[in-house]
Amino acid sequence: MNVRFLVLALVILLGPLLLKAQKSRITGIVTDSEGLPIELATVGVRGTLNGAFTDEKGRYSLSVTTGDSCVLVFSCLGYNKTQRVIPSVDGDMQVSVRMRRLSLSLDGVTVTAGRIQTNTLDHLDPTKARFIADPSGGSIESLIVTYAGVSSTNELSSQYSVRGGNYDENIIYVNGIEVYRPLLIRSGQQEGLSFINPDLTASVGFSSGGFDAHYGDKMSSVLDVTYKKPSELEGAATASMLGGNVYVGSASNRFTQITGFRYKRGTTLLKTLDTKGDYEPTFMDLQNYMTYTFSPKLELNTLLNFAKNVYHYTPSQRNTSFGTLQDVKNFTVYYDGSERDEFNTLFGAMTLKYNPSEHAMLGLQVSAFQSKEKETFDIGGEYWLEDVLDADEAGTQHVPIGTGLFHEHARDRLHSRVVNISQIGSLKSANHALSWAAGIQQEKISDYIKEWEMRDSMGYSLPYDEDALKVYSNLFSENELSSVRFSGYLQDTYKFRTSMGLFSITAGVRGSYWDFNKEFIFSPRASVGLVPSRNQNLTFRFATGIYYQSPFYKEFRMINTDSDGNQYITLNDQIRSQRSIHFVLGGDYSFHTNDRPFRFTAEAYYKKLNNLVPYSVNDVRIRYYGDNAAKGFTTGLDMKLFGEFVPGTDSWLSFSLMKTEQDRDGIKTPLPTDQRYNISLFFTDYFPNFDRIKFNLKAIWSDGLPYSTPNYVFEPRFRSKGYRRVDMGMAYLLLDNGDKTYDGSLLRRLKSVWFGIDAFNLLDINNVSSYLWFSDIQGNQYAVPNYLTGRQINLKLLIEF
């Protein structure tokens, strides 16, 4: 009797717990209308706090009580909310849904919303580079420079500055592998093509600070590019007055490939410079990306790039007017001699990926970069510097200030080779995404430099010395470097949901060791993002971390001066990595105005800088001091308004405020990249009721940069005038095979044909890239501005097939 009573009591007490423990798991995949996975979609049981969110492959998993009925609610910013009613959960089951993008019909134009951003990595559409009016040839970077916190003051270059950092502080990845650029380039005219080919690009991610440990050791920004894997035959060809490019992609059951060739001259654009002469630039590159799938678990992909950039320049004459309305000066030069530069690079990479399960990946990456750079010039000239004064009816009066001769000579060679081998991997669970990498890199660089400049003012050689004839400046180097780096990272992303909303927390560490200076660096980084439950139109994020920049040759070339005044370069093996500690706080707010979607983004940041290597910037050439001689900080606010300024088109307006400061031996000056404000606009439009004509406009208005006098090369003494530029482009759709008009002709093989016209520097504003310094016999110095390109019309034709 007692035993029966005990059993009955246990059943009564534990029965509900046993029933409650009977759980069933509901899994599935959430995709959009095109079948692409949606990340960070919320999947919840209506009326409860039980929920989950999807991973980057759109998968979710949640537990519900067996036998209950429930209603699953699927929601994501930018998509219509979807529900699925389950009358009875009888066991584990799969529920997959397709969500339709939130759209509004406005006079026949479809407007769609954007995506959630929970970290500092923003995403942009690479197809917008197809029609952008860009003097550099239609690059991804031409879009990047319109983002908040990013600035560029040279339209001939694809380099950019991010939140007070210089060009060398930006890291670029293509398919997860770091890419490099030549080291000797000193002007935008020499630079040629960016590594990134927009025709081959599938996706672009960009972070202006506070990025994950997954990305390497740079202090400012990361640009993460992924190339396409074609699903069918595709291609396009573009021709313009600047050059041309063509690409072809194809796919079979296991094999995909995409190949692109680009060619650029830009002679007509360079003829708008103040210096007249024969410009013969020839820039070309060939890229190929291939993938082969051995089995569902094993894939191999390769990336190859060959670039040949030749710049031949024979100047003849220059006439530059500068100064103010009350103090006008004129600088005239007659040249003799020429310059010929070659920058040849070869890059190859291979990645082998093995997926032992749906949630795990193991891989091996091998990459190699080789650069052969040559810079040679012998250019002489005779110059006149004059004051231009208002005179009587006879016209203006020219009063000589100085006259003289100069001769510049260079024989520079640099060969570099970088080989990297890394093991990569990832492991994912319901809420965690763990990733890691460990690698070794060998670097070999040989550097031979022989430069000198002679100047004569009013018959006296500068610097004037009664006892000896001296050159104005010289520089010699003959160095070789062979070193090895070890590096690795470990990172985890944890996503979970509470009553407050969706949280995404990423934490990781990076470490590396370089045998040249025997330095080990350790970089912890973390970020947290929140999408509130009560208002998914809001997103908040915070990121912090330590970002080291290990020197890569240029930073530790130290300039020494012997007793005779000759300058030579030695390699400083006591150099240490520069360090930047980031604090980034930001958020997004999505809203609708006049039935059009918009997103406002704001980020405030502070960067504490240590072990800085002071540098000066001349055009795009960065010359470092060669030692860790400074510290400093950068702080600012970035804001961007993104949305449908015109229904059916994406546009954005960016505004940035910034302050930088470096402290070198108690002398506090702004960094050479200090731009106190920057405003940029990218605007797209079309003709109402006639969308065959597209219009785009890119405008930049930024503060001037600090510049140094020759005697204080690492201490800025004055600020140039601001950079202001407007580029405009229009394109007309000549043929659209979407309407099947040409089914019976050869034109049926074409998807579309576009004709475009661009107006570079529409307002014909004289922007300054650098300054040319001249001194008279009394030691007075004059800064002659080197103006950038003027107004230029460009015609282009785009054919897609």
# chains A, B, ... in the order shown; residues from 1 in each chain; ligands from 1
call {"tool": "select_by_dssp", "arguments": {"residues": "region 185-256 of chain A", "states": "alpha helix (DSSP H)", "output": "ChimeraX atom specification"}}
result
/A:188-191
call {"tool": "write_last_selection", "arguments": {"atoms": "N, CA, C and O atoms", "output": "PDB file, in the first residue's frame"}}
result
ATOM      1  N   GLY A 188      49.982  60.209 -58.706  1.00  0.00           N
ATOM      2  CA  GLY A 188      48.795  59.562 -59.219  1.00  0.00           C
ATOM      3  C   GLY A 188      48.911  59.217 -60.686  1.00  0.00           C
ATOM      4  O   GLY A 188      48.311  58.241 -61.150  1.00  0.00           O
ATOM      5  N   GLN A 189      49.695  60.011 -61.451  1.00  0.00           N
ATOM      6  CA  GLN A 189      49.860  59.728 -62.872  1.00  0.00           C
ATOM      7  C   GLN A 189      50.529  58.384 -63.112  1.00  0.00           C
ATOM      8  O   GLN A 189      50.283  57.718 -64.126  1.00  0.00           O
ATOM      9  N   GLN A 190      51.397  57.955 -62.187  1.00  0.00           N
ATOM     10  CA  GLN A 190      52.126  56.703 -62.346  1.00  0.00           C
ATOM     11  C   GLN A 190      51.309  55.473 -61.930  1.00  0.00           C
ATOM     12  O   GLN A 190      51.636  54.361 -62.315  1.00  0.00           O
ATOM     13  N   GLU A 191      50.278  55.683 -61.146  1.00  0.00           N
ATOM     14  CA  GLU A 191      49.683  54.573 -60.393  1.00  0.00           C
ATOM     15  C   GLU A 191      48.997  53.522 -61.248  1.00  0.00           C
ATOM     16  O   GLU A 191      49.078  52.320 -60.984  1.00  0.00           O
TER      17      GLU A 191
END
call {"tool": "closest_residue", "arguments": {"among": "A:Thr127, A:Ser151, A:Asn572, A:Gln287", "to": "Ser194 (chain A)", "atoms": "only C-alpha atoms"}}
result
A:Gln287
call {"tool": "residues_around", "arguments": {"residues": "His214 (chain A)", "least_positions_apart": "4", "cutoff": "12 Å", "atoms": "only C-alpha atoms", "output": "PyMOL selection string"}}
result
chain A and resi 121+173+176-178+210+218+222+224+424-426+434-438+487-493+506-511+523-526+547
call {"tool": "residues_around", "arguments": {"residues": "Ser654 (chain A)", "least_positions_apart": "6", "cutoff": "7 Å", "atoms": "only C-alpha atoms", "output": "VMD selection string"}}
result
chain A and resid 146 to 148 639 to 641 679 to 681
call {"tool": "atom_distance", "arguments": {"atom1": "CA of Asp573 (chain A)", "atom2": "CA of Ser221 (chain A)"}}
result
26.3 Å
call {"tool": "closest_residue", "arguments": {"among": "A:Glu453, A:Glu519, A:Pro182, A:Val248", "to": "Arg413 (chain A)", "atoms": "only C-alpha atoms"}}
result
A:Pro182
call {"tool": "closest_residue", "arguments": {"among": "A:Lys308, A:Arg692, A:Lys668, A:Lys374", "to": "Tyr263 (chain A)", "atoms": "only C-alpha atoms"}}
result
A:Lys308
call {"tool": "closest_residue", "arguments": {"among": "A:Ser590, A:Thr396, A:Ser357, A:Asn766", "to": "Asn535 (chain A)", "atoms": "only C-alpha atoms"}}
result
A:Ser590
call {"tool": "closest_atom_pairs", "arguments": {"of": "region 342-392 of chain A", "to": "region 774-797 of chain A", "cutoff": "12 Å", "atoms": "only C-alpha atoms", "output": "JSON lines"}}
result
{"residue": "A:Tyr383", "atom": "CA", "partner": "A:Phe774", "partner_atom": "CA", "distance": 9.8}
{"residue": "A:Trp384", "atom": "CA", "partner": "A:Phe774", "partner_atom": "CA", "distance": 10.5}
{"residue": "A:Leu385", "atom": "CA", "partner": "A:Tyr782", "partner_atom": "CA", "distance": 9.1}
{"residue": "A:Glu386", "atom": "CA", "partner": "A:Tyr782", "partner_atom": "CA", "distance": 11.1}
{"residue": "A:Asp387", "atom": "CA", "partner": "A:Tyr782", "partner_atom": "CA", "distance": 11.9}
call {"tool": "write_last_selection", "arguments": {"atoms": "all heavy atoms", "output": "PDB file, in the first residue's frame"}}
result
ATOM      1  N   TYR A 383      63.532  78.083 -65.027  1.00  0.00           N
ATOM      2  CA  TYR A 383      62.281  78.597 -64.501  1.00  0.00           C
ATOM      3  C   TYR A 383      62.357  80.099 -64.224  1.00  0.00           C
ATOM      4  O   TYR A 383      63.433  80.664 -63.997  1.00  0.00           O
ATOM      5  CB  TYR A 383      61.885  77.848 -63.223  1.00  0.00           C
ATOM      6  CG  TYR A 383      62.792  78.091 -62.030  1.00  0.00           C
ATOM      7  CD1 TYR A 383      62.568  79.151 -61.152  1.00  0.00           C
ATOM      8  CD2 TYR A 383      63.868  77.251 -61.765  1.00  0.00           C
ATOM      9  CE1 TYR A 383      63.388  79.375 -60.064  1.00  0.00           C
ATOM     10  CE2 TYR A 383      64.693  77.472 -60.669  1.00  0.00           C
ATOM     11  CZ  TYR A 383      64.453  78.519 -59.829  1.00  0.00           C
ATOM     12  OH  TYR A 383      65.272  78.743 -58.746  1.00  0.00           O
ATOM     13  N   TRP A 384      61.150  80.693 -64.245  1.00  0.00           N
ATOM     14  CA  TRP A 384      60.985  82.104 -63.896  1.00  0.00           C
ATOM     15  C   TRP A 384      59.837  82.209 -62.902  1.00  0.00           C
ATOM     16  O   TRP A 384      58.760  81.629 -63.110  1.00  0.00           O
ATOM     17  CB  TRP A 384      60.613  82.959 -65.118  1.00  0.00           C
ATOM     18  CG  TRP A 384      61.731  83.168 -66.082  1.00  0.00           C
ATOM     19  CD1 TRP A 384      62.584  84.220 -66.155  1.00  0.00           C
ATOM     20  CD2 TRP A 384      62.077  82.289 -67.149  1.00  0.00           C
ATOM     21  NE1 TRP A 384      63.465  84.066 -67.191  1.00  0.00           N
ATOM     22  CE2 TRP A 384      63.179  82.874 -67.823  1.00  0.00           C
ATOM     23  CE3 TRP A 384      61.597  81.056 -67.602  1.00  0.00           C
ATOM     24  CZ2 TRP A 384      63.772  82.269 -68.922  1.00  0.00           C
ATOM     25  CZ3 TRP A 384      62.194  80.470 -68.682  1.00  0.00           C
ATOM     26  CH2 TRP A 384      63.261  81.070 -69.339  1.00  0.00           C
ATOM     27  N   LEU A 385      60.064  82.932 -61.830  1.00  0.00           N
ATOM     28  CA  LEU A 385      59.016  83.211 -60.848  1.00  0.00           C
ATOM     29  C   LEU A 385      58.807  84.717 -60.807  1.00  0.00           C
ATOM     30  O   LEU A 385      59.759  85.477 -60.584  1.00  0.00           O
ATOM     31  CB  LEU A 385      59.422  82.692 -59.468  1.00  0.00           C
ATOM     32  CG  LEU A 385      58.372  82.816 -58.360  1.00  0.00           C
ATOM     33  CD1 LEU A 385      57.119  82.016 -58.702  1.00  0.00           C
ATOM     34  CD2 LEU A 385      58.943  82.338 -57.021  1.00  0.00           C
ATOM     35  N   GLU A 386      57.529  85.151 -61.034  1.00  0.00           N
ATOM     36  CA  GLU A 386      57.244  86.572 -61.183  1.00  0.00           C
ATOM     37  C   GLU A 386      56.048  86.982 -60.341  1.00  0.00           C
ATOM     38  O   GLU A 386      55.134  86.190 -60.107  1.00  0.00           O
ATOM     39  CB  GLU A 386      56.936  86.901 -62.651  1.00  0.00           C
ATOM     40  CG  GLU A 386      58.015  86.491 -63.618  1.00  0.00           C
ATOM     41  CD  GLU A 386      57.516  86.561 -65.057  1.00  0.00           C
ATOM     42  OE1 GLU A 386      56.403  86.055 -65.318  1.00  0.00           O
ATOM     43  OE2 GLU A 386      58.244  87.125 -65.901  1.00  0.00           O
ATOM     44  N   ASP A 387      56.068  88.235 -59.903  1.00  0.00           N
ATOM     45  CA  ASP A 387      54.889  88.885 -59.342  1.00  0.00           C
ATOM     46  C   ASP A 387      54.083  89.470 -60.486  1.00  0.00           C
ATOM     47  O   ASP A 387      54.643  90.104 -61.395  1.00  0.00           O
ATOM     48  CB  ASP A 387      55.299  90.007 -58.384  1.00  0.00           C
ATOM     49  CG  ASP A 387      55.383  89.519 -56.944  1.00  0.00           C
ATOM     50  OD1 ASP A 387      54.570  88.653 -56.575  1.00  0.00           O
ATOM     51  OD2 ASP A 387      56.258  90.010 -56.206  1.00  0.00           O
TER      52      ASP A 387
END
call {"tool": "residues_around", "arguments": {"residues": "Tyr335 (chain A)", "least_positions_apart": "6", "cutoff": "8 Å", "atoms": "only C-alpha atoms", "output": "PyMOL selection string"}}
result
chain A and resi 315-317+379-382
call {"tool": "residues_around", "arguments": {"residues": "Thr601 (chain A)", "least_positions_apart": "2", "cutoff": "12 Å", "atoms": "only C-alpha atoms", "output": "PyMOL selection string"}}
result
chain A and resi 116-118+120+122+147-149+537-541+585-591+598-599+603-604+637-643+652-656
call {"tool": "select_by_dssp", "arguments": {"residues": "region 544-786 of chain A", "states": "strand (DSSP E)", "output": "ChimeraX atom specification"}}
result
/A:544-549,557-561,567-571,578-593,596-612,615-618,621-624,630-643,651-664,667-669,677-687,690-702,706-707,718-719,723-736,752-760,768-775,781-786
call {"tool": "closest_residue", "arguments": {"among": "A:His398, A:Pro281, A:Tyr354, A:Ala133", "to": "Phe683 (chain A)", "atoms": "only C-alpha atoms"}}
result
A:Ala133
call {"tool": "decode", "arguments": {"residues": "region 482-493 of chain A", "atoms": "all heavy atoms", "output": "PDB file, in the first residue's frame"}}
result
ATOM      1  N   SER A 482      65.518  40.040 -45.989  1.00  0.00           N
ATOM      2  CA  SER A 482      64.855  38.738 -46.041  1.00  0.00           C
ATOM      3  C   SER A 482      64.377  38.433 -44.626  1.00  0.00           C
ATOM      4  O   SER A 482      65.183  38.359 -43.690  1.00  0.00           O
ATOM      5  CB  SER A 482      65.819  37.647 -46.528  1.00  0.00           C
ATOM      6  OG  SER A 482      65.157  36.392 -46.558  1.00  0.00           O
ATOM      7  N   SER A 483      63.058  38.298 -44.477  1.00  0.00           N
ATOM      8  CA  SER A 483      62.507  38.113 -43.145  1.00  0.00           C
ATOM      9  C   SER A 483      61.315  37.172 -43.195  1.00  0.00           C
ATOM     10  O   SER A 483      60.766  36.875 -44.262  1.00  0.00           O
ATOM     11  CB  SER A 483      62.086  39.460 -42.543  1.00  0.00           C
ATOM     12  OG  SER A 483      61.060  40.047 -43.322  1.00  0.00           O
ATOM     13  N   VAL A 484      60.913  36.727 -41.994  1.00  0.00           N
ATOM     14  CA  VAL A 484      59.794  35.790 -41.863  1.00  0.00           C
ATOM     15  C   VAL A 484      58.846  36.313 -40.795  1.00  0.00           C
ATOM     16  O   VAL A 484      59.278  36.792 -39.742  1.00  0.00           O
ATOM     17  CB  VAL A 484      60.287  34.375 -41.488  1.00  0.00           C
ATOM     18  CG1 VAL A 484      59.105  33.429 -41.268  1.00  0.00           C
ATOM     19  CG2 VAL A 484      61.204  33.823 -42.579  1.00  0.00           C
ATOM     20  N   ARG A 485      57.557  36.223 -41.079  1.00  0.00           N
ATOM     21  CA  ARG A 485      56.518  36.577 -40.109  1.00  0.00           C
ATOM     22  C   ARG A 485      55.651  35.355 -39.815  1.00  0.00           C
ATOM     23  O   ARG A 485      55.328  34.582 -40.708  1.00  0.00           O
ATOM     24  CB  ARG A 485      55.607  37.683 -40.653  1.00  0.00           C
ATOM     25  CG  ARG A 485      56.287  38.990 -40.963  1.00  0.00           C
ATOM     26  CD  ARG A 485      55.256  39.979 -41.510  1.00  0.00           C
ATOM     27  NE  ARG A 485      55.897  41.115 -42.141  1.00  0.00           N
ATOM     28  CZ  ARG A 485      56.094  42.289 -41.563  1.00  0.00           C
ATOM     29  NH1 ARG A 485      55.700  42.470 -40.311  1.00  0.00           N
ATOM     30  NH2 ARG A 485      56.667  43.286 -42.202  1.00  0.00           N
ATOM     31  N   PHE A 486      55.266  35.239 -38.562  1.00  0.00           N
ATOM     32  CA  PHE A 486      54.296  34.236 -38.127  1.00  0.00           C
ATOM     33  C   PHE A 486      53.069  34.979 -37.605  1.00  0.00           C
ATOM     34  O   PHE A 486      53.200  35.956 -36.850  1.00  0.00           O
ATOM     35  CB  PHE A 486      54.875  33.346 -37.027  1.00  0.00           C
ATOM     36  CG  PHE A 486      56.112  32.604 -37.432  1.00  0.00           C
ATOM     37  CD1 PHE A 486      57.371  33.171 -37.249  1.00  0.00           C
ATOM     38  CD2 PHE A 486      56.033  31.335 -37.988  1.00  0.00           C
ATOM     39  CE1 PHE A 486      58.523  32.497 -37.615  1.00  0.00           C
ATOM     40  CE2 PHE A 486      57.170  30.654 -38.354  1.00  0.00           C
ATOM     41  CZ  PHE A 486      58.417  31.234 -38.169  1.00  0.00           C
ATOM     42  N   SER A 487      51.892  34.533 -37.991  1.00  0.00           N
ATOM     43  CA  SER A 487      50.686  35.235 -37.541  1.00  0.00           C
ATOM     44  C   SER A 487      49.533  34.253 -37.421  1.00  0.00           C
ATOM     45  O   SER A 487      49.549  33.160 -38.011  1.00  0.00           O
ATOM     46  CB  SER A 487      50.316  36.356 -38.513  1.00  0.00           C
ATOM     47  OG  SER A 487      49.996  35.834 -39.793  1.00  0.00           O
ATOM     48  N   GLY A 488      48.533  34.663 -36.646  1.00  0.00           N
ATOM     49  CA  GLY A 488      47.346  33.843 -36.488  1.00  0.00           C
ATOM     50  C   GLY A 488      46.277  34.596 -35.724  1.00  0.00           C
ATOM     51  O   GLY A 488      46.536  35.646 -35.120  1.00  0.00           O
ATOM     52  N   TYR A 489      45.063  34.070 -35.791  1.00  0.00           N
ATOM     53  CA  TYR A 489      43.963  34.681 -35.046  1.00  0.00           C
ATOM     54  C   TYR A 489      42.974  33.608 -34.634  1.00  0.00           C
ATOM     55  O   TYR A 489      42.913  32.508 -35.209  1.00  0.00           O
ATOM     56  CB  TYR A 489      43.253  35.750 -35.877  1.00  0.00           C
ATOM     57  CG  TYR A 489      42.224  35.216 -36.834  1.00  0.00           C
ATOM     58  CD1 TYR A 489      40.883  35.062 -36.456  1.00  0.00           C
ATOM     59  CD2 TYR A 489      42.580  34.829 -38.125  1.00  0.00           C
ATOM     60  CE1 TYR A 489      39.934  34.561 -37.328  1.00  0.00           C
ATOM     61  CE2 TYR A 489      41.638  34.329 -39.001  1.00  0.00           C
ATOM     62  CZ  TYR A 489      40.318  34.188 -38.606  1.00  0.00           C
ATOM     63  OH  TYR A 489      39.387  33.684 -39.466  1.00  0.00           O
ATOM     64  N   LEU A 490      42.186  33.927 -33.619  1.00  0.00           N
ATOM     65  CA  LEU A 490      41.086  33.077 -33.152  1.00  0.00           C
ATOM     66  C   LEU A 490      39.926  33.995 -32.814  1.00  0.00           C
ATOM     67  O   LEU A 490      40.100  34.968 -32.086  1.00  0.00           O
ATOM     68  CB  LEU A 490      41.505  32.268 -31.927  1.00  0.00           C
ATOM     69  CG  LEU A 490      40.426  31.379 -31.297  1.00  0.00           C
ATOM     70  CD1 LEU A 490      40.001  30.274 -32.263  1.00  0.00           C
ATOM     71  CD2 LEU A 490      40.935  30.782 -29.988  1.00  0.00           C
ATOM     72  N   GLN A 491      38.738  33.665 -33.340  1.00  0.00           N
ATOM     73  CA  GLN A 491      37.599  34.566 -33.191  1.00  0.00           C
ATOM     74  C   GLN A 491      36.308  33.771 -33.067  1.00  0.00           C
ATOM     75  O   GLN A 491      36.142  32.717 -33.694  1.00  0.00           O
ATOM     76  CB  GLN A 491      37.522  35.492 -34.408  1.00  0.00           C
ATOM     77  CG  GLN A 491      36.304  36.389 -34.455  1.00  0.00           C
ATOM     78  CD  GLN A 491      36.290  37.274 -35.673  1.00  0.00           C
ATOM     79  OE1 GLN A 491      37.173  38.123 -35.844  1.00  0.00           O
ATOM     80  NE2 GLN A 491      35.312  37.087 -36.542  1.00  0.00           N
ATOM     81  N   ASP A 492      35.389  34.275 -32.238  1.00  0.00           N
ATOM     82  CA  ASP A 492      34.078  33.655 -32.079  1.00  0.00           C
ATOM     83  C   ASP A 492      33.001  34.723 -32.149  1.00  0.00           C
ATOM     84  O   ASP A 492      33.143  35.812 -31.575  1.00  0.00           O
ATOM     85  CB  ASP A 492      33.981  32.907 -30.746  1.00  0.00           C
ATOM     86  CG  ASP A 492      32.649  32.183 -30.592  1.00  0.00           C
ATOM     87  OD1 ASP A 492      32.139  31.671 -31.611  1.00  0.00           O
ATOM     88  OD2 ASP A 492      32.121  32.146 -29.466  1.00  0.00           O
ATOM     89  N   THR A 493      31.932  34.410 -32.869  1.00  0.00           N
ATOM     90  CA  THR A 493      30.755  35.274 -32.923  1.00  0.00           C
ATOM     91  C   THR A 493      29.600  34.541 -32.259  1.00  0.00           C
ATOM     92  O   THR A 493      29.255  33.419 -32.648  1.00  0.00           O
ATOM     93  CB  THR A 493      30.393  35.627 -34.370  1.00  0.00           C
ATOM     94  OG1 THR A 493      31.470  36.357 -34.965  1.00  0.00           O
ATOM     95  CG2 THR A 493      29.136  36.477 -34.414  1.00  0.00           C
TER      96      THR A 493
END
